[in-house]
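Engineer: Dropping a structure here in structure tokens format, bear with me for questions.
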Amino acid sequence: MNVTINGETRSVSAGQSLADLIAAHTTARSGVAVAVNGEVVPKTTWPDHVLEDGATIEILTAVQGG
Amino acid sequence: MNVTINGETRSVSAGQSLADLIAAHTTARSGVAVAVNGEVVPKTTWPDHVLEDGATIEILTAVQGG
Amino acid sequence: MNVTINGETRSVSAGQSLADLIAAHTTARSGVAVAVNGEVVPKTTWPDHVLEDGATIEILTAVQGG
Amino acid sequence: MNVTINGETRSVSAGQSLADLIAAHTTARSGVAVAVNGEVVPKTTWPDHVLEDGATIEILTAVQGG
Amino acid sequence: MTDSFKIGDRSYDSRLIMGTGGAPSLEILREALINSGTQLTTVAMRRVAAGTRGSILDLLAELKIDVLPNTAGCLTAGDAVLTARLAREALGTSWVKLEVIADEHTLLPDPIELVDAARTLVDDGFTVLPYTNDDPVLARKLEDVGCAAVMPLGAPIGSGLGVRNPHNIELMVAAAGVPVILDAGIGSASDAALAMELGCSGVLLASAVTRSQQPGLMAAAMRDAVAAGYACRAAGRIPVRRFALASSPSRDESPAF
Amino acid sequence: MTDSFKIGDRSYDSRLIMGTGGAPSLEILREALINSGTQLTTVAMRRVAAGTRGSILDLLAELKIDVLPNTAGCLTAGDAVLTARLAREALGTSWVKLEVIADEHTLLPDPIELVDAARTLVDDGFTVLPYTNDDPVLARKLEDVGCAAVMPLGAPIGSGLGVRNPHNIELMVAAAGVPVILDAGIGSASDAALAMELGCSGVLLASAVTRSQQPGLMAAAMRDAVAAGYACRAAGRIPVRRFALASSPSRDESPAF
Amino acid sequence: MTDSFKIGDRSYDSRLIMGTGGAPSLEILREALINSGTQLTTVAMRRVAAGTRGSILDLLAELKIDVLPNTAGCLTAGDAVLTARLAREALGTSWVKLEVIADEHTLLPDPIELVDAARTLVDDGFTVLPYTNDDPVLARKLEDVGCAAVMPLGAPIGSGLGVRNPHNIELMVAAAGVPVILDAGIGSASDAALAMELGCSGVLLASAVTRSQQPGLMAAAMRDAVAAGYACRAAGRIPVRRFALASSPSRDESPAF
Amino acid sequence: MTDSFKIGDRSYDSRLIMGTGGAPSLEILREALINSGTQLTTVAMRRVAAGTRGSILDLLAELKIDVLPNTAGCLTAGDAVLTARLAREALGTSWVKLEVIADEHTLLPDPIELVDAARTLVDDGFTVLPYTNDDPVLARKLEDVGCAAVMPLGAPIGSGLGVRNPHNIELMVAAAGVPVILDAGIGSASDAALAMELGCSGVLLASAVTRSQQPGLMAAAMRDAVAAGYACRAAGRIPVRRFALASSPSRDESPAF
């Protein structure tokens, strides 16, 4: 199935957890937050969060700004 | 029964028309508009407009301003 | 002998009058004034004004300005 | 004879020295300068400076300012 | 320079819109209106007093000056909308100077109520000229909901402080698709001229004229100032230079003529 | 408002004195001079070029505009005095716009040479209009030696920076017994209006008109701006207020009329 | 003068809030942050790039500077609210500098979306510091919905134009019950000092330091300027006088001491 | 930023020169002088009153602050020269702040008497720091006769109007070969910072501190403001932009770090 991560479409195996996906995407363990389909998903629930086909995932962190 | 005209309570005979009331209040025939209970009442309907007890009537005209 | 007219050295015959010199330099008859060696020479005296060797002559007129 | 000190006329005995006069006028020993008839009189010469009738004496010091 | 400017479906020769508020008498107002050359003027809607003769309307009719009712004093969108509808009924015009103020101390516009009221009135067929603050973003929103012009303040009503933030007015003019009319704050002729030089299509003022010591004369001053500022912008001013540039030929260069 | 103002023994209706420098052509200058309404204009004195026709003088004669020769480019009192005398001889006028500049980069007046030249020329019977900086003290000295007016700069010649120090101009006007004419620095109509609002009796400008993109139109703008600023001061502007003052009657108070 | 000021439930000694945007390198940013003396600084939330090390957070942790995430670039209330919530999750802070801009050209705040987002975030437990325009009415609305401070712009972000409308800032300060922090537009030390003299409780700036030629030195300049402006207001400046007042005793009066 | 600046043969760390005039008491003056960090201060010369103790000199000696006598109140070159010579005799210093005013109402400098006195005193071996108007030409003349610095006014003495004509100060700084010290007119910290940003080498003020409501605190404000303005100029401020420039990375661009 396909999901969109930070604007890029990616094919992932059905039933993959959000935690695995994030681990694959960044090594950062702190200062990172995730929204799935426009809702924040708390870090504690990443392992249990099962992705659905077509999900839109945003992984954000803090950068210089403002 | 009582109505309020431009902020003043006035006793009027039941069934009196809006037209009569306005005629009693001002001699101005042009440049005047009336709202009853917050809705504009077109001049053409003044004669037929029968007042209800407790009605709030605003009679406005143009003055120097702005 | 030599004189300087508006910054240019010019050889003139001895005894030449200022009037002749100006006539040779410009056709303008009005709006012109002349200084010889830093002193104004009134128009009326141009014919009688005999030039000396080495004289510095400025012939000015009005132009757009200011 | 009379002299003027800082704008006030004062009668002094003939032959009195400037030093005596200043001593009588102020106890300040430093930060003071004197002009007689518009000329500065150096401190070192005060004892020998004999006043003349009608002399104008200014005794100045530094004050808060500017 | 008298090329006309268009607001909604009308076009006017005069770019000075003079309000009628604050004049000491009808006679003085009459002289000021005539000298100002205005073709459009504001009036307020107020409760009729026993025996009111509506003489201001007679004056404007005599002078053939279009009436622009305002909603001065309204604190909510609902109040302003009702006042605009009463004005339409009373005066037979669907034009309105929309004012929705936040409080009676600053008389500053309430941006949120203002846009709300503007939307409602445009949908109801009004030609809406909103009195707004000098925020370019709010001006765009007002244009987007269909206002026929935007009328930013230069400074608070009656303050005479002039154009406090020329930069904002320039930003507004650069982005606007409808006329920008400087409304409120003008105190002097140079203020009015500056507003036009910034690119405004017109100037609306009242107190600067009616509360001056000689309203008739001040009205003429403002008429000339608006014309001067408009012509100045059209004529293309010289660039600003930090250093001098001689206006007479150098003494050595041979003169132009 | 057209009451005349006096300089020396003359009186003029127009308070705008337009210089002739910087115009791209005589035809354009002609249109600008007419539109400006000026009755007095400056010219510079330069070496006659072979075949010079002096056409600028013909133009001014045709337009019946008085000629005010300047001493532009002079760096010393002596040089300025000689130039003034040559101008008197050439043009038959004892009026002079006295300029003694300190250098050709800033074109700023040399205060010491200026007072020196002014004194000499007044003693020689000239009507002296000195171009000065905006120092109120120097203005007083120039008046004391007998100048017929004082002409402070608003900003460097040709800079278009407007009136850089309005406070100094106000101090000057408050103390002056002769007309104060704002000379140099004007860029826009609002600059000219402001100068008059500060109390100046007139404005002298050239580049702001002649170097604009449309000199004819800009001349009209400046004419109107000077009239507007003068009328504004005469009419007594409203005081500046930090807070608002309503221009429409309160909704409760019964309306004026 | 170092008495602290309170925002929400925190109090800070430094009244200069320096943003981290625009620095050419982390090393230069580090020096600037140290010299500025700031105790609170802004960061933006962006998509994590493969291998991002989040080093800005490490730097702020090392310097013990509180983090204030912003919602820069958000064009709607919804977008800003989500970004604020992600920041809270990522950084463990419920403080947010709320930015909702109308477009990416002017970067000016959208007043309507801003109030909407502020209300939602306050209700959700955030300490909201909104970046707003300089409209005193909008500032009041933001305070009314529970913002912990209001942060008006002096001029557009990164423009360096300073405080374009001091009068509006004064009106805001006079009415505000929460700290007013001048945010955006500061270019020079005198701009920052002026903001404090107008009564602001603090100044927020980034580009003025990070994009200057020497960020470390400019940070120190801004630190001193904010301190100077704050002390100046507290010390009670002399009144402005149109005329002179001698600072030395008259030559006749007998000297004070 | 504390690199020293040189006047004549001395060099100072502090770029703030605080005058002693106007303080309500010696105790308050003492605190203000200490907080200001000044190393050079002005005093006036006045007739000794019976029993004068010269305590101001004792204070300056205790604080190790150099004394700069002024010629305040002198209306002619001769008077100023004599006063300077008496100061040299009384105080043992050949430094003088040269003031020659035109009248006691405006306290503005007399340009002609000033240059005359400066020439005489320089020839007599004085280190002359003249208080001048803001005319770049006069500044050059003062430098040409050998003054060790030029000290233009920002506005009239004691007016607190700040720097009325920044453009003139910039022209002066650009041309000067000696330190330009802004003298007179400063009212607030931002005024002092601006003077330094314009390129002045220092600021001289008295009333702004001594007549404020809290001189001790205001002295510290001015110390910081001068340091801030000087560092700001040295650090190279960002250019002024008419439009915005984002200080956070665009939402699409991948973040710097």
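For the structure tokens, the naming scheme is as follows: chains receive sequential letters (A, B, ...) according to their order of presentation, residues are indexed from 1 within each chain, and ligands are indexed from 1 in presentation order.
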Hey, which bits of chain G sit within 8 Å of chain A, and for each residue what's the closest pair of atoms and how far apart in Å (one decimal), counting only C-alpha atoms, rows by chain and increasing number, as CSV?
Structural biologist:
residue,atom,partner,partner_atom,distance
G:Gly19,CA,A:Gly66,CA,5.1
G:Thr20,CA,A:Gln64,CA,5.1
G:Gly21,CA,A:Gly65,CA,3.7
G:Gly22,CA,A:Gly65,CA,7.1
G:Thr42,CA,A:Gly66,CA,5.5
G:Val43,CA,A:Gly65,CA,4.6
G:Ala44,CA,A:Gly65,CA,4.7
G:Met45,CA,A:Ala62,CA,4.6
G:Arg46,CA,A:Leu60,CA,5.2
G:Arg47,CA,A:Leu60,CA,4.2
G:Val48,CA,A:Leu60,CA,5.0
G:Ala49,CA,A:Thr26,CA,7.5
G:Ala50,CA,A:Thr26,CA,5.5
G:Gly51,CA,A:Thr26,CA,5.8
G:Thr52,CA,A:Ala28,CA,6.9
G:Arg53,CA,A:Ala28,CA,6.3
G:Gly54,CA,A:Ala62,CA,6.7
G:Ile56,CA,A:Val63,CA,6.3
G:Leu57,CA,A:Ala62,CA,7.3
G:Pro69,CA,A:Ala62,CA,7.6
G:Asn70,CA,A:Gly66,CA,6.8
G:Ala72,CA,A:Gly66,CA,7.0
G:Leu82,CA,A:Gly38,CA,7.2
G:Arg85,CA,A:Val40,CA,7.0
G:Leu86,CA,A:Ala33,CA,5.4
G:Ala87,CA,A:Ala33,CA,7.0
G:Glu89,CA,A:Ala33,CA,5.7
G:Ala90,CA,A:Gly31,CA,4.5
G:Leu91,CA,A:Gly31,CA,5.4
G:Ala206,CA,A:Gly66,CA,6.6
Engineer: Could you write out the selected residues, including N, CA and C atoms, as a compact mmCIF listing (two decimals), in the first residue's frame?
Structural biologist:
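Contents of again_17.txt, freshly written:
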# COMPACT_ATOMS: atom_id res chain seq x y z
N GLY G 19 15.42 36.03 17.80
CA GLY G 19 15.08 34.86 17.00
C GLY G 19 16.33 34.23 16.40
N THR G 20 16.20 32.98 15.93
CA THR G 20 17.39 32.28 15.42
C THR G 20 17.48 32.31 13.89
N GLY G 21 16.48 32.90 13.23
CA GLY G 21 16.46 32.85 11.77
C GLY G 21 17.52 33.71 11.12
N GLY G 22 18.07 33.22 10.01
CA GLY G 22 18.93 34.05 9.17
C GLY G 22 20.41 34.02 9.46
N THR G 42 13.18 32.08 19.28
CA THR G 42 12.23 31.40 18.41
C THR G 42 12.91 30.37 17.52
N VAL G 43 12.15 29.32 17.21
CA VAL G 43 12.55 28.35 16.19
C VAL G 43 11.32 28.10 15.30
N ALA G 44 11.57 27.61 14.09
CA ALA G 44 10.48 27.25 13.18
C ALA G 44 10.33 25.74 13.15
N MET G 45 9.16 25.26 12.76
CA MET G 45 8.93 23.81 12.61
C MET G 45 8.93 23.49 11.12
N ARG G 46 9.81 22.55 10.74
CA ARG G 46 9.88 22.20 9.32
C ARG G 46 9.98 20.68 9.17
N ARG G 47 9.71 20.17 7.99
CA ARG G 47 9.80 18.74 7.73
C ARG G 47 11.22 18.27 8.01
N VAL G 48 11.32 17.18 8.70
CA VAL G 48 12.63 16.65 9.01
C VAL G 48 13.27 16.15 7.71
N ALA G 49 14.52 16.53 7.51
CA ALA G 49 15.23 16.03 6.32
C ALA G 49 15.98 14.79 6.75
N ALA G 50 16.15 13.86 5.82
CA ALA G 50 16.87 12.63 6.17
C ALA G 50 18.18 13.03 6.83
N GLY G 51 18.44 12.50 8.01
CA GLY G 51 19.71 12.78 8.68
C GLY G 51 19.78 14.11 9.42
N THR G 52 18.65 14.80 9.55
CA THR G 52 18.68 16.04 10.33
C THR G 52 19.12 15.73 11.76
N ARG G 53 20.02 16.58 12.28
CA ARG G 53 20.53 16.31 13.63
C ARG G 53 19.90 17.21 14.69
N GLY G 54 19.00 18.12 14.28
CA GLY G 54 18.35 18.99 15.28
C GLY G 54 19.34 19.80 16.09
N ILE G 56 20.13 22.80 16.28
CA ILE G 56 19.72 24.07 16.89
C ILE G 56 19.22 23.84 18.30
N LEU G 57 18.52 22.74 18.50
CA LEU G 57 18.01 22.45 19.85
C LEU G 57 19.14 22.16 20.81
N PRO G 69 8.70 28.04 19.88
CA PRO G 69 8.42 27.66 18.49
C PRO G 69 7.45 28.65 17.85
N ASN G 70 7.64 28.90 16.55
CA ASN G 70 6.69 29.77 15.87
C ASN G 70 5.90 28.96 14.84
N ALA G 72 5.58 30.07 11.68
CA ALA G 72 5.94 30.83 10.48
C ALA G 72 5.49 30.10 9.22
N LEU G 82 -2.37 23.26 14.01
CA LEU G 82 -1.70 21.97 13.89
C LEU G 82 -0.20 22.12 14.13
N ARG G 85 0.57 22.48 17.73
CA ARG G 85 0.42 21.21 18.46
C ARG G 85 1.60 20.29 18.18
N LEU G 86 2.07 20.27 16.95
CA LEU G 86 3.25 19.46 16.62
C LEU G 86 4.47 19.98 17.38
N ALA G 87 4.57 21.31 17.48
CA ALA G 87 5.69 21.89 18.22
C ALA G 87 5.63 21.49 19.69
N GLU G 89 4.32 18.81 20.90
CA GLU G 89 4.70 17.40 20.97
C GLU G 89 6.21 17.22 20.79
N ALA G 90 6.77 17.96 19.86
CA ALA G 90 8.20 17.78 19.54
C ALA G 90 9.11 18.40 20.59
N LEU G 91 8.70 19.55 21.13
CA LEU G 91 9.61 20.32 21.99
C LEU G 91 9.19 20.32 23.45
N ALA G 206 15.35 39.28 14.82
CA ALA G 206 16.27 38.24 14.35
C ALA G 206 17.16 38.80 13.24
Engineer: When you get a sec, could you note down which chain F residues fall within 6 Å of chain E, using only C-alpha atoms, as a VMD selection string?
Structural biologist: chain F and resid 21 to 22 106 156 to 161 189 to 190 193 to 194 208 212 to 214 217 to 218 221 224 to 225 228 to 229 231 to 232 235 to 238 240 to 241 243 to 245 247 to 248
Engineer: Mind the document's chain letters and residue numbers, and return as an mmCIF file with N, CA, C and O atoms, in the first residue's frame the residues of segment 109-231 of chain F that DSSP labels strand (DSSP E).
Structural biologist:
data_model
loop_
_atom_site.group_PDB
_atom_site.id
_atom_site.type_symbol
_atom_site.label_atom_id
_atom_site.label_comp_id
_atom_site.auth_asym_id
_atom_site.auth_seq_id
_atom_site.Cartn_x
_atom_site.Cartn_y
_atom_site.Cartn_z
ATOM 1 N N THR F 127 18.866 95.087 -4.664
ATOM 2 C CA THR F 127 17.840 94.385 -3.889
ATOM 3 C C THR F 127 18.303 92.937 -3.813
ATOM 4 O O THR F 127 18.306 92.232 -4.825
ATOM 5 N N VAL F 128 18.740 92.509 -2.628
ATOM 6 C CA VAL F 128 19.452 91.245 -2.480
ATOM 7 C C VAL F 128 18.542 90.173 -1.868
ATOM 8 O O VAL F 128 17.973 90.365 -0.789
ATOM 9 N N LEU F 129 18.408 89.063 -2.600
ATOM 10 C CA LEU F 129 17.672 87.890 -2.117
ATOM 11 C C LEU F 129 18.678 86.755 -1.953
ATOM 12 O O LEU F 129 18.997 86.075 -2.910
ATOM 13 N N PRO F 130 19.208 86.549 -0.750
ATOM 14 C CA PRO F 130 20.286 85.577 -0.565
ATOM 15 C C PRO F 130 19.770 84.144 -0.387
ATOM 16 O O PRO F 130 18.811 83.893 0.360
ATOM 17 N N TYR F 131 20.421 83.230 -1.090
ATOM 18 C CA TYR F 131 20.225 81.791 -0.880
ATOM 19 C C TYR F 131 21.081 81.410 0.326
ATOM 20 O O TYR F 131 22.298 81.557 0.296
ATOM 21 N N THR F 132 20.428 80.974 1.413
ATOM 22 C CA THR F 132 21.165 80.717 2.649
ATOM 23 C C THR F 132 20.876 79.305 3.168
ATOM 24 O O THR F 132 19.997 78.623 2.645
ATOM 25 N N MET F 151 16.304 83.467 1.860
ATOM 26 C CA MET F 151 15.856 82.288 1.124
ATOM 27 C C MET F 151 16.589 81.038 1.594
ATOM 28 O O MET F 151 17.574 80.604 0.990
ATOM 29 N N PRO F 152 16.105 80.451 2.707
ATOM 30 C CA PRO F 152 16.757 79.264 3.253
ATOM 31 C C PRO F 152 16.498 78.032 2.387
ATOM 32 O O PRO F 152 15.433 77.902 1.778
ATOM 33 N N ILE F 181 11.612 82.916 1.981
ATOM 34 C CA ILE F 181 11.257 82.168 0.775
ATOM 35 C C ILE F 181 12.025 80.856 0.782
ATOM 36 O O ILE F 181 13.259 80.859 0.817
ATOM 37 N N LEU F 182 11.312 79.739 0.808
ATOM 38 C CA LEU F 182 11.961 78.434 0.842
ATOM 39 C C LEU F 182 12.596 78.180 -0.513
ATOM 40 O O LEU F 182 11.904 78.136 -1.538
ATOM 41 N N ASP F 183 13.894 78.008 -0.533
ATOM 42 C CA ASP F 183 14.644 77.901 -1.779
ATOM 43 C C ASP F 183 15.500 76.637 -1.738
ATOM 44 O O ASP F 183 16.319 76.488 -0.849
ATOM 45 N N GLY F 202 6.878 82.499 0.369
ATOM 46 C CA GLY F 202 6.921 81.977 -0.996
ATOM 47 C C GLY F 202 7.855 80.790 -1.092
ATOM 48 O O GLY F 202 8.529 80.439 -0.115
ATOM 49 N N VAL F 203 7.855 80.190 -2.277
ATOM 50 C CA VAL F 203 8.707 79.037 -2.559
ATOM 51 C C VAL F 203 9.419 79.277 -3.882
ATOM 52 O O VAL F 203 8.807 79.747 -4.836
ATOM 53 N N LEU F 204 10.722 78.996 -3.900
ATOM 54 C CA LEU F 204 11.493 79.073 -5.139
ATOM 55 C C LEU F 204 11.958 77.673 -5.502
ATOM 56 O O LEU F 204 12.555 76.982 -4.671
ATOM 57 N N LEU F 205 11.664 77.234 -6.700
ATOM 58 C CA LEU F 205 12.090 75.901 -7.123
ATOM 59 C C LEU F 205 12.323 75.888 -8.625
ATOM 60 O O LEU F 205 11.792 76.721 -9.365
#
Engineer: For a test of reading the model, state the distance in Å between atom CA of Gly92 of chain F and atom CA of Leu59 of chain F, rounded to one decimal.
Structural biologist: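 Straight-line distance from atom CA of Gly92 of chain F to atom CA of Leu59 of chain F works out to 16.4 Å.
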Engineer: Would you please extract all helix (DSSP H, G or I) residues from segment 88-117 of chain E, as assigned by DSSP on the backbone, and give them as a list of chain:residue names?
Structural biologist: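 Selecting the helix (DSSP H, G or I) positions of segment 88-117 of chain E gives E:Arg88, E:Glu89, E:Ala90, E:Leu91, E:Pro111, E:Ile112, E:Glu113, E:Leu114, E:Val115, E:Asp116, E:Ala117.
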Engineer: Keeping all heavy atoms for every residue in the selection just given, could you write it to a file as a compact mmCIF listing (two decimals), in the first residue's frame?
Structural biologist:
# COMPACT_ATOMS: atom_id res chain seq x y z
N ARG E 88 -30.74 53.74 3.16
CA ARG E 88 -31.20 53.48 1.79
C ARG E 88 -32.68 53.84 1.65
O ARG E 88 -33.10 54.49 0.70
CB ARG E 88 -30.96 52.03 1.42
CG ARG E 88 -31.46 51.64 0.03
CD ARG E 88 -31.00 50.25 -0.39
NE ARG E 88 -31.41 49.23 0.55
CZ ARG E 88 -31.10 47.93 0.42
NH1 ARG E 88 -30.35 47.52 -0.61
NH2 ARG E 88 -31.50 47.06 1.32
N GLU E 89 -33.44 53.46 2.66
CA GLU E 89 -34.88 53.76 2.64
C GLU E 89 -35.13 55.27 2.72
O GLU E 89 -35.95 55.82 2.00
CB GLU E 89 -35.55 53.05 3.83
CG GLU E 89 -37.00 53.41 4.07
CD GLU E 89 -37.96 52.82 3.05
OE1 GLU E 89 -37.53 51.95 2.25
OE2 GLU E 89 -39.13 53.24 3.03
N ALA E 90 -34.37 55.92 3.59
CA ALA E 90 -34.61 57.35 3.84
C ALA E 90 -34.11 58.22 2.69
O ALA E 90 -34.72 59.22 2.33
CB ALA E 90 -33.94 57.79 5.13
N LEU E 91 -32.98 57.83 2.11
CA LEU E 91 -32.31 58.73 1.16
C LEU E 91 -32.35 58.21 -0.27
O LEU E 91 -31.90 58.89 -1.20
CB LEU E 91 -30.84 58.93 1.59
CG LEU E 91 -30.66 59.40 3.03
CD1 LEU E 91 -29.18 59.52 3.37
CD2 LEU E 91 -31.37 60.74 3.25
N PRO E 111 -11.89 45.39 12.75
CA PRO E 111 -11.62 44.72 11.46
C PRO E 111 -12.56 43.55 11.19
O PRO E 111 -12.99 43.35 10.06
CB PRO E 111 -10.16 44.26 11.58
CG PRO E 111 -9.82 44.32 13.04
CD PRO E 111 -10.71 45.36 13.64
N ILE E 112 -12.90 42.81 12.23
CA ILE E 112 -13.70 41.59 12.01
C ILE E 112 -15.16 41.93 11.74
O ILE E 112 -15.76 41.47 10.78
CB ILE E 112 -13.52 40.64 13.22
CG1 ILE E 112 -12.05 40.16 13.25
CG2 ILE E 112 -14.48 39.47 13.14
CD1 ILE E 112 -11.66 39.39 14.48
N GLU E 113 -15.74 42.82 12.56
CA GLU E 113 -17.13 43.25 12.32
C GLU E 113 -17.26 43.96 10.98
O GLU E 113 -18.27 43.85 10.29
CB GLU E 113 -17.59 44.17 13.46
CG GLU E 113 -17.65 43.51 14.83
CD GLU E 113 -18.76 42.48 14.94
OE1 GLU E 113 -19.89 42.77 14.51
OE2 GLU E 113 -18.46 41.36 15.41
N LEU E 114 -16.19 44.68 10.62
CA LEU E 114 -16.22 45.46 9.38
C LEU E 114 -16.36 44.56 8.16
O LEU E 114 -17.21 44.78 7.29
CB LEU E 114 -14.95 46.31 9.28
CG LEU E 114 -14.86 47.24 8.07
CD1 LEU E 114 -15.93 48.33 8.14
CD2 LEU E 114 -13.46 47.87 8.00
N VAL E 115 -15.54 43.52 8.10
CA VAL E 115 -15.59 42.62 6.94
C VAL E 115 -16.93 41.90 6.90
O VAL E 115 -17.55 41.74 5.85
CB VAL E 115 -14.43 41.61 7.01
CG1 VAL E 115 -14.59 40.54 5.93
CG2 VAL E 115 -13.08 42.32 6.86
N ASP E 116 -17.41 41.52 8.08
CA ASP E 116 -18.70 40.84 8.18
C ASP E 116 -19.82 41.73 7.63
O ASP E 116 -20.61 41.32 6.76
CB ASP E 116 -18.94 40.51 9.67
CG ASP E 116 -20.20 39.71 9.89
OD1 ASP E 116 -20.90 39.39 8.92
OD2 ASP E 116 -20.51 39.44 11.07
N ALA E 117 -19.86 42.98 8.08
CA ALA E 117 -20.90 43.91 7.62
C ALA E 117 -20.75 44.20 6.12
O ALA E 117 -21.75 44.27 5.39
CB ALA E 117 -20.82 45.21 8.41
